[in-house]
>>> print(open('my_file.csv').read())   # CSV, C-alpha atoms
chain,number,residue,atom,x,y,z
A,1,MET,CA,0.0,0.0,0.0
A,2,THR,CA,2.9,2.3,0.7
A,3,ARG,CA,4.2,1.7,-2.9
A,4,GLN,CA,0.8,2.4,-4.3
A,5,ARG,CA,0.5,5.7,-2.4
A,6,VAL,CA,4.0,6.8,-3.4
A,7,PHE,CA,3.5,5.9,-7.1
A,8,GLY,CA,0.1,7.7,-7.0
A,9,VAL,CA,1.6,10.9,-5.6
A,10,ALA,CA,4.5,10.7,-8.0
A,11,ALA,CA,2.0,10.5,-10.9
A,12,GLY,CA,0.2,13.6,-9.6
A,13,TYR,CA,-2.7,11.8,-7.7
A,14,GLU,CA,-2.1,13.2,-4.2
A,15,ASP,CA,-5.8,12.9,-3.2
A,16,LEU,CA,-6.9,9.6,-1.8
A,17,ASN,CA,-10.2,9.8,-3.6
A,18,ASP,CA,-8.2,9.3,-6.9
A,19,HIS,CA,-7.2,5.8,-5.7
A,20,GLU,CA,-10.8,4.6,-5.9
A,21,GLY,CA,-10.4,4.5,-9.7
A,22,LEU,CA,-6.6,4.0,-9.7
A,23,ARG,CA,-7.0,0.7,-7.9
A,24,PHE,CA,-8.0,-0.8,-11.2
A,25,ASP,CA,-5.3,0.9,-13.3
A,26,GLN,CA,-3.2,-1.7,-15.1
A,27,ALA,CA,0.0,0.4,-15.1
A,28,LEU,CA,-0.2,1.1,-11.3
A,29,ARG,CA,-0.9,-2.6,-10.6
A,30,THR,CA,2.1,-3.6,-12.7
A,31,ALA,CA,4.3,-1.0,-10.9
A,32,ASN,CA,3.2,-2.6,-7.6
A,33,SER,CA,3.7,-6.2,-8.9
A,34,LYS,CA,0.1,-7.0,-8.3
A,35,GLU,CA,-2.3,-8.9,-10.5
A,36,SER,CA,-5.4,-8.2,-8.4
A,37,ASP,CA,-7.0,-4.8,-7.6
A,38,LEU,CA,-5.1,-2.4,-5.3
A,39,ALA,CA,-6.2,-0.8,-2.1
A,40,GLY,CA,-9.1,1.7,-2.2
A,41,LYS,CA,-9.2,5.1,-0.6
A,42,SER,CA,-10.7,3.9,2.7
A,43,THR,CA,-7.9,1.3,3.2
A,44,LEU,CA,-5.2,3.8,2.3
A,45,CYS,CA,-6.7,6.3,4.7
A,46,ARG,CA,-6.7,3.8,7.6
A,47,MET,CA,-3.1,3.0,6.8
A,48,GLY,CA,-2.2,6.7,7.0
A,49,GLN,CA,-4.1,7.2,10.2
A,50,GLN,CA,-2.0,4.5,11.9
A,51,MET,CA,1.3,6.4,11.4
A,52,GLY,CA,2.4,8.2,14.5
A,53,ARG,CA,4.9,11.0,15.1
A,54,GLN,CA,7.8,8.6,15.5
A,55,SER,CA,7.1,7.0,12.1
A,56,VAL,CA,7.3,10.5,10.4
A,57,VAL,CA,10.5,11.3,12.3
A,58,ASN,CA,12.0,8.0,11.1
A,59,ALA,CA,11.0,8.7,7.5
A,60,HIS,CA,12.7,12.1,7.6
A,61,GLU,CA,15.8,10.5,9.1
A,62,LEU,CA,15.9,8.0,6.3
A,63,HIS,CA,15.6,10.7,3.7
A,64,TRP,CA,18.5,12.6,5.3
A,65,HIS,CA,20.7,9.5,5.3
A,66,GLN,CA,19.9,8.9,1.6
A,67,PHE,CA,20.7,12.5,0.8
A,68,ILE,CA,24.1,12.2,2.6
A,69,GLU,CA,24.9,8.9,0.9
A,70,HIS,CA,24.4,10.4,-2.6
A,71,HIS,CA,27.2,12.9,-2.1
A,72,GLU,CA,30.9,12.0,-2.1
A,73,ALA,CA,31.7,15.2,-0.1
A,74,PRO,CA,29.4,17.4,2.0
A,75,PRO,CA,27.7,20.1,-0.1
A,76,LYS,CA,29.2,23.5,0.5
A,77,GLU,CA,25.7,25.0,0.7
A,78,ILE,CA,22.1,23.7,1.2
A,79,MET,CA,19.4,26.1,0.2
A,80,LEU,CA,16.0,25.9,1.8
A,81,ASP,CA,13.1,27.4,-0.1
A,82,SER,CA,10.1,28.6,1.9
A,83,TYR,CA,6.9,28.6,0.0
A,84,GLY,CA,3.5,29.6,1.4
A,85,THR,CA,0.4,28.0,-0.1
A,86,ASP,CA,-3.1,29.5,0.3
A,87,ILE,CA,-5.8,27.0,0.7
A,88,PRO,CA,-9.2,28.8,0.3
A,89,PHE,CA,-12.0,28.1,2.8
A,90,HIS,CA,-15.5,27.2,1.7
A,91,GLY,CA,-17.9,27.7,4.6
A,92,ASP,CA,-17.4,28.4,8.3
A,93,GLN,CA,-14.4,26.3,9.3
A,94,PRO,CA,-12.2,26.7,12.5
A,95,ASP,CA,-8.9,28.4,12.4
A,96,LYS,CA,-9.7,30.5,9.4
A,97,PHE,CA,-8.2,33.9,8.9
A,98,PHE,CA,-8.6,36.6,6.2
A,99,ASN,CA,-5.5,37.1,4.0
A,100,ALA,CA,-5.6,40.5,2.4
A,101,TYR,CA,-3.1,39.6,-0.3
A,102,TYR,CA,-5.3,36.7,-1.6
A,103,ASP,CA,-8.5,38.6,-0.6
A,104,HIS,CA,-10.2,35.6,1.0
A,105,HIS,CA,-10.3,33.4,4.1
A,106,CYS,CA,-7.8,30.6,3.9
A,107,TYR,CA,-5.3,28.3,5.6
A,108,PHE,CA,-1.8,29.4,4.8
A,109,PRO,CA,0.7,26.6,5.5
A,110,LEU,CA,4.4,27.3,5.1
A,111,ASP,CA,6.3,24.6,3.2
A,112,VAL,CA,10.0,24.3,3.2
A,113,PHE,CA,11.8,22.5,0.4
>>> encode(input="my_file.csv", output="structure tokens")
Amino acid sequence: MTRQRVFGVAAGYEDLNDHEGLRFDQALRTANSKESDLAGKSTLCRMGQQMGRQSVVNAHELHWHQFIEHHEAPPKEIMLDSYGTDIPFHGDQPDKFFNAYYDHHCYFPLDVF
């Protein structure tokens, strides 16, 4: 299921609802070495809900180790790119605020790449 989720995101299908149709996709089934149907959105959601904080920390640690192993010498500089993404609200949701730049109520998470 992890492979299915990763391949789905890599192909541009980050929404779990997309996997309701993708579970029958022959290319995705082949990439996952499966002949039967893949997991649906509900199953993938339950898998994601079981991950705790330590699992996320371990995944980030693994990415850092892979990054380090791909360089013969430490890079002279690592640039972090901060990027804010406005996610508009539709209706009366908690934690909303008005962003004058975007001229609507929204979440505004800050992503760092």
>>> atom_distance(input="my_file.csv", atom1="CA of Pro109 in chain A", atom2="CA of Arg46 in chain A")
24.1 Å
>>> atom_distance(input="my_file.csv", atom1="CA of His105 in chain A", atom2="CA of Phe89 in chain A")
5.7 Å
>>> atom_distance(input="my_file.csv", atom1="CA of Asp111 in chain A", atom2="CA of Asp86 in chain A")
11.0 Å
>>> residues_around(input="my_file.csv", residues="Arg3 in chain A", least_positions_apart="6", cutoff="10 Å", atoms="only C-alpha atoms", output="VMD selection string")
chain A and resid 9 28 31 to 33
>>> residues_around(input="my_file.csv", residues="range 38-41 of chain A", least_positions_apart="2", cutoff="7 Å", atoms="all atoms listed in the file", output="PyMOL selection string")
chain A and resi 1+16-17+19-20+23-24+29+36+43-45
>>> residues_near_point(input="my_file.csv", point="(6.0, 8.7, 3.0)", cutoff="9 Å", atoms="all atoms listed in the file", output="number ranges by chain")
A: 2, 5-6, 56, 59-60
>>> build_atoms(input="my_file.csv", residues="range 49-78 of chain A", atoms="N, CA and C atoms", output="mmCIF file, keeping the file's coordinate frame")
data_model
loop_
_atom_site.group_PDB
_atom_site.id
_atom_site.type_symbol
_atom_site.label_atom_id
_atom_site.label_comp_id
_atom_site.auth_asym_id
_atom_site.auth_seq_id
_atom_site.Cartn_x
_atom_site.Cartn_y
_atom_site.Cartn_z
ATOM 1 N N GLN A 49 -3.709 6.822 8.888
ATOM 2 C CA GLN A 49 -4.100 7.200 10.200
ATOM 3 C C GLN A 49 -3.302 6.462 11.309
ATOM 4 N N GLN A 50 -2.742 5.311 10.974
ATOM 5 C CA GLN A 50 -2.000 4.500 11.900
ATOM 6 C C GLN A 50 -0.567 5.028 12.149
ATOM 7 N N MET A 51 -0.095 5.905 11.273
ATOM 8 C CA MET A 51 1.300 6.400 11.400
ATOM 9 C C MET A 51 1.313 7.431 12.533
ATOM 10 N N GLY A 52 2.258 7.244 13.426
ATOM 11 C CA GLY A 52 2.400 8.200 14.500
ATOM 12 C C GLY A 52 3.580 9.130 14.273
ATOM 13 N N ARG A 53 3.830 9.979 15.226
ATOM 14 C CA ARG A 53 4.900 11.000 15.100
ATOM 15 C C ARG A 53 6.248 10.332 14.868
ATOM 16 N N GLN A 54 6.536 9.251 15.583
ATOM 17 C CA GLN A 54 7.800 8.600 15.500
ATOM 18 C C GLN A 54 8.042 8.037 14.052
ATOM 19 N N SER A 55 6.977 7.549 13.426
ATOM 20 C CA SER A 55 7.100 7.000 12.100
ATOM 21 C C SER A 55 7.487 8.163 11.094
ATOM 22 N N VAL A 56 6.932 9.338 11.296
ATOM 23 C CA VAL A 56 7.300 10.500 10.400
ATOM 24 C C VAL A 56 8.715 10.913 10.673
ATOM 25 N N VAL A 57 9.143 10.945 11.939
ATOM 26 C CA VAL A 57 10.500 11.300 12.300
ATOM 27 C C VAL A 57 11.480 10.284 11.615
ATOM 28 N N ASN A 58 11.157 8.998 11.699
ATOM 29 C CA ASN A 58 12.000 8.000 11.100
ATOM 30 C C ASN A 58 12.082 8.114 9.582
ATOM 31 N N ALA A 59 10.969 8.462 8.949
ATOM 32 C CA ALA A 59 11.000 8.700 7.500
ATOM 33 C C ALA A 59 11.861 9.830 7.103
ATOM 34 N N HIS A 60 11.803 10.924 7.853
ATOM 35 C CA HIS A 60 12.700 12.100 7.600
ATOM 36 C C HIS A 60 14.124 11.732 7.785
ATOM 37 N N GLU A 61 14.399 10.961 8.820
ATOM 38 C CA GLU A 61 15.800 10.500 9.100
ATOM 39 C C GLU A 61 16.304 9.687 7.925
ATOM 40 N N LEU A 62 15.468 8.803 7.418
ATOM 41 C CA LEU A 62 15.900 8.000 6.300
ATOM 42 C C LEU A 62 16.168 8.828 5.061
ATOM 43 N N HIS A 63 15.348 9.853 4.801
ATOM 44 C CA HIS A 63 15.600 10.700 3.700
ATOM 45 C C HIS A 63 16.921 11.481 3.824
ATOM 46 N N TRP A 64 17.239 11.929 5.029
ATOM 47 C CA TRP A 64 18.500 12.600 5.300
ATOM 48 C C TRP A 64 19.687 11.700 5.016
ATOM 49 N N HIS A 65 19.584 10.452 5.492
ATOM 50 C CA HIS A 65 20.700 9.500 5.300
ATOM 51 C C HIS A 65 20.851 9.207 3.778
ATOM 52 N N GLN A 66 19.763 9.082 3.038
ATOM 53 C CA GLN A 66 19.900 8.900 1.600
ATOM 54 C C GLN A 66 20.484 10.069 0.900
ATOM 55 N N PHE A 67 20.129 11.263 1.353
ATOM 56 C CA PHE A 67 20.700 12.500 0.800
ATOM 57 C C PHE A 67 22.213 12.507 1.005
ATOM 58 N N ILE A 68 22.637 12.199 2.221
ATOM 59 C CA ILE A 68 24.100 12.200 2.600
ATOM 60 C C ILE A 68 24.829 11.169 1.769
ATOM 61 N N GLU A 69 24.258 9.978 1.627
ATOM 62 C CA GLU A 69 24.900 8.900 0.900
ATOM 63 C C GLU A 69 25.114 9.181 -0.577
ATOM 64 N N HIS A 70 24.314 10.060 -1.155
ATOM 65 C CA HIS A 70 24.400 10.400 -2.600
ATOM 66 C C HIS A 70 25.456 11.430 -2.900
ATOM 67 N N HIS A 71 26.199 11.887 -1.905
ATOM 68 C CA HIS A 71 27.200 12.900 -2.100
ATOM 69 C C HIS A 71 28.580 12.330 -1.631
ATOM 70 N N GLU A 72 29.605 12.457 -2.461
ATOM 71 C CA GLU A 72 30.900 12.000 -2.100
ATOM 72 C C GLU A 72 31.522 12.912 -0.993
ATOM 73 N N ALA A 73 31.239 14.200 -1.109
ATOM 74 C CA ALA A 73 31.700 15.200 -0.100
ATOM 75 C C ALA A 73 30.494 16.007 0.307
ATOM 76 N N PRO A 74 30.530 16.541 1.514
ATOM 77 C CA PRO A 74 29.400 17.400 2.000
ATOM 78 C C PRO A 74 29.198 18.566 1.044
ATOM 79 N N PRO A 75 27.966 18.897 0.716
ATOM 80 C CA PRO A 75 27.700 20.100 -0.100
ATOM 81 C C PRO A 75 28.202 21.348 0.621
ATOM 82 N N LYS A 76 28.706 22.293 -0.138
ATOM 83 C CA LYS A 76 29.200 23.500 0.500
ATOM 84 C C LYS A 76 27.994 24.367 0.991
ATOM 85 N N GLU A 77 26.841 24.185 0.370
ATOM 86 C CA GLU A 77 25.700 25.000 0.700
ATOM 87 C C GLU A 77 24.407 24.168 0.500
ATOM 88 N N ILE A 78 23.465 24.302 1.394
ATOM 89 C CA ILE A 78 22.100 23.700 1.200
ATOM 90 C C ILE A 78 21.148 24.861 1.275
#
